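The structure under discussion appears below in the form of structure tokens.
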Amino acid sequence: MHTWLPALLAMFAAAFIAGGTVLRQRESCAGGGITIGWCVGAAVALCGFGLQAAALGLGSILLVQPLVVLAVLFALPLEAWLDHRHPSRVEWAWGGVLVACVALFLIVADPHEVDRTADHKLIAGTIVALIALVAILIVAAERSSPHYQALLYGLVAGTLFGISALLVKAVIYQAIHDPINMTTRPEVYLFVVVAVGGVVAQQRGFVAGDLQTSFPAMTVMEPAVSMALGVTLLGESVAVGWWQTAVMAIALIVMVRAVITLARMSAVRGDQRPESQPGVTRSVIGSTVD
């Protein structure tokens, strides 16, 4: 399978996920409830997740997930359009850094799809351990201040979405190699539970009142978890030397920095909007409620 098709699907997925996230965040900041705008955003994001699933079915996790991170970049022009402004040079500069880091990582790593699936017991054991960690984070979030609640729910959502990326590949592998018995596989039902849990945790982070914390945490955690699972459970790897490994590590670190910086810039813009209500500041990928 050529890598250009899953890469293209991942790019479209990032754009749809960005659009859906922007709409849902704005509606969550406005009232915190489920509105028509929120439902439209959810539908757009669902299309993005479908494209992401298709990309994961055709390509390597190490190829698809870094490209999906570009959702934070696609949010920039949409946010600027909704705010009737132009993105600043600093925003585009950090956006360029993010694109360069993703491109550098993919060029150096040159990931390829592997035609294998992990042992079902190994997958189940690993996911149970991660879900236990998620449960601990949820308990801690419910006992924390809004800022840390947003952070912890962002980590929960990112972890669950990262797990769902692995489960998508397992489900598609089953659909291709043994479709008749697909409904008997626990991965199918576990994927539904994990995906729904990720959406719920994401929404909890949105309404916690500190979205500039939850969004970057979620955006960074998802590829980190999914790529780690792809390497450890599916055997995905890259044949590189020590210097290529160092370059990839640096690219990943700077990529994380770019994502966090872009999200925080959005939060600062929310603080400076004249139409913000007293005590409440709004932004597309960041919000603070005093």
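Following the order of the structure tokens, chains are lettered A, B, ..., residues in each are numbered from 1, and ligands are numbered from 1.
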
List the spatial neighbours of region 192-199 of chain A as a ChimeraX atom specification - criterion: any atom at most 10 Å away, only C-alpha atoms, same-chain residues fewer than 2 positions off excluded. /A:42,49,127,131,153-165,167-168,187-190,201-205,218

Please provide as an mmCIF file with N, CA and C atoms, in the first residue's frame all residues within 12 Å of Ala10 (chain A), with the sequence filter that same-chain residues fewer than 5 positions apart are discarded (counting only C-alpha atoms).
data_model
loop_
_atom_site.group_PDB
_atom_site.id
_atom_site.type_symbol
_atom_site.label_atom_id
_atom_site.label_comp_id
_atom_site.auth_asym_id
_atom_site.auth_seq_id
_atom_site.Cartn_x
_atom_site.Cartn_y
_atom_site.Cartn_z
ATOM 1 N N THR A 3 1.990 4.979 0.704
ATOM 2 C CA THR A 3 1.753 5.782 1.905
ATOM 3 C C THR A 3 1.006 7.075 1.597
ATOM 4 N N TRP A 4 0.914 7.485 0.335
ATOM 5 C CA TRP A 4 0.297 8.768 0.039
ATOM 6 C C TRP A 4 -1.196 8.768 0.351
ATOM 7 N N LEU A 5 -1.883 7.628 0.181
ATOM 8 C CA LEU A 5 -3.320 7.589 0.429
ATOM 9 C C LEU A 5 -3.647 7.730 1.918
ATOM 10 N N ALA A 15 -8.175 18.206 9.298
ATOM 11 C CA ALA A 15 -8.966 19.396 8.983
ATOM 12 C C ALA A 15 -10.382 19.285 9.540
ATOM 13 N N PHE A 16 -11.012 18.122 9.376
ATOM 14 C CA PHE A 16 -12.370 17.934 9.887
ATOM 15 C C PHE A 16 -12.391 17.949 11.415
ATOM 16 N N ILE A 17 -11.413 17.305 12.029
ATOM 17 C CA ILE A 17 -11.352 17.290 13.494
ATOM 18 C C ILE A 17 -11.169 18.704 14.024
ATOM 19 N N CYS A 47 -16.979 12.906 11.187
ATOM 20 C CA CYS A 47 -16.455 12.672 9.837
ATOM 21 C C CYS A 47 -14.922 12.593 9.872
ATOM 22 N N GLY A 48 -14.324 13.484 10.669
ATOM 23 C CA GLY A 48 -12.874 13.464 10.810
ATOM 24 C C GLY A 48 -12.375 12.169 11.412
ATOM 25 N N PHE A 49 -13.072 11.677 12.438
ATOM 26 C CA PHE A 49 -12.677 10.420 13.058
ATOM 27 C C PHE A 49 -12.828 9.258 12.080
ATOM 28 N N GLY A 50 -13.863 9.332 11.233
ATOM 29 C CA GLY A 50 -14.026 8.301 10.222
ATOM 30 C C GLY A 50 -12.881 8.287 9.220
ATOM 31 N N LEU A 51 -12.458 9.478 8.797
ATOM 32 C CA LEU A 51 -11.310 9.574 7.894
ATOM 33 C C LEU A 51 -10.033 9.098 8.581
ATOM 34 N N GLN A 52 -9.901 9.417 9.856
ATOM 35 C CA GLN A 52 -8.736 8.955 10.605
ATOM 36 C C GLN A 52 -8.729 7.430 10.703
ATOM 37 N N ALA A 53 -9.899 6.839 10.933
ATOM 38 C CA ALA A 53 -9.991 5.381 10.996
ATOM 39 C C ALA A 53 -9.601 4.750 9.660
ATOM 40 N N ALA A 54 -10.066 5.359 8.560
ATOM 41 C CA ALA A 54 -9.707 4.845 7.241
ATOM 42 C C ALA A 54 -8.204 4.938 7.012
ATOM 43 N N ALA A 55 -7.606 6.056 7.439
ATOM 44 C CA ALA A 55 -6.161 6.219 7.289
ATOM 45 C C ALA A 55 -5.406 5.185 8.104
ATOM 46 N N LEU A 56 -5.885 4.917 9.323
ATOM 47 C CA LEU A 56 -5.232 3.924 10.175
ATOM 48 C C LEU A 56 -5.390 2.520 9.606
ATOM 49 N N GLY A 57 -6.510 2.284 8.936
ATOM 50 C CA GLY A 57 -6.698 0.980 8.323
ATOM 51 C C GLY A 57 -5.766 0.727 7.153
ATOM 52 N N LEU A 58 -5.334 1.807 6.506
ATOM 53 C CA LEU A 58 -4.480 1.680 5.331
ATOM 54 C C LEU A 58 -2.997 1.910 5.624
ATOM 55 N N GLY A 59 -2.713 2.616 6.696
ATOM 56 C CA GLY A 59 -1.323 3.004 6.945
ATOM 57 C C GLY A 59 -0.876 2.756 8.365
ATOM 58 N N SER A 60 0.371 3.046 8.610
ATOM 59 C CA SER A 60 0.980 2.849 9.917
ATOM 60 C C SER A 60 0.520 3.914 10.902
ATOM 61 N N ILE A 61 0.418 3.540 12.170
ATOM 62 C CA ILE A 61 0.116 4.508 13.223
ATOM 63 C C ILE A 61 1.198 5.584 13.264
ATOM 64 N N LEU A 62 2.442 5.198 13.052
ATOM 65 C CA LEU A 62 3.552 6.150 13.070
ATOM 66 C C LEU A 62 3.478 7.145 11.913
ATOM 67 N N LEU A 63 2.708 6.821 10.883
ATOM 68 C CA LEU A 63 2.500 7.752 9.774
ATOM 69 C C LEU A 63 1.281 8.634 10.017
ATOM 70 N N VAL A 64 0.185 8.038 10.441
ATOM 71 C CA VAL A 64 -1.098 8.743 10.514
ATOM 72 C C VAL A 64 -1.156 9.705 11.693
ATOM 73 N N GLN A 65 -0.765 9.257 12.873
ATOM 74 C CA GLN A 65 -0.989 10.061 14.074
ATOM 75 C C GLN A 65 -0.228 11.395 14.091
ATOM 76 N N PRO A 66 1.036 11.454 13.645
ATOM 77 C CA PRO A 66 1.686 12.773 13.587
ATOM 78 C C PRO A 66 0.971 13.744 12.661
ATOM 79 N N LEU A 67 0.378 13.238 11.576
ATOM 80 C CA LEU A 67 -0.340 14.118 10.655
ATOM 81 C C LEU A 67 -1.639 14.629 11.274
ATOM 82 N N VAL A 68 -2.286 13.818 12.097
ATOM 83 C CA VAL A 68 -3.525 14.242 12.744
ATOM 84 C C VAL A 68 -3.258 15.380 13.730
ATOM 85 N N VAL A 69 -2.035 15.462 14.251
ATOM 86 C CA VAL A 69 -1.672 16.561 15.151
ATOM 87 C C VAL A 69 -1.844 17.913 14.468
ATOM 88 N N LEU A 70 -1.782 17.928 13.143
ATOM 89 C CA LEU A 70 -1.922 19.181 12.409
ATOM 90 C C LEU A 70 -3.315 19.786 12.553
ATOM 91 N N ALA A 71 -4.215 19.109 13.252
ATOM 92 C CA ALA A 71 -5.545 19.681 13.512
ATOM 93 C C ALA A 71 -5.423 21.026 14.218
#

Could you state the separation of CA of Leu229 (chain A) and CA of Ser214 (chain A) in Å, given to one decimal place?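 Between CA of Leu229 (chain A) and CA of Ser214 (chain A) the gap is 22.1 Å.
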
Residues of region 32-169 of chain A in alpha helix (DSSP H) according to DSSP, as a PyMOL selection string? chain A and resi 36-58+61-68+71-82+89-109+120-142+146-169

Contacts of region 249-262 of chain A at 6 Å or less, counting only C-alpha atoms, minus same-chain residues fewer than 4 places along, as a ChimeraX atom specification? /A:94,98,101,216

Between A:Val90, A:Ala141, A:Ala103, A:Phe206, single out the one closest to Thr21 (chain A), counting only C-alpha atoms.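 Between A:Val90, A:Ala141, A:Ala103, A:Phe206, the residue approaching Thr21 (chain A) most closely is A:Phe206.
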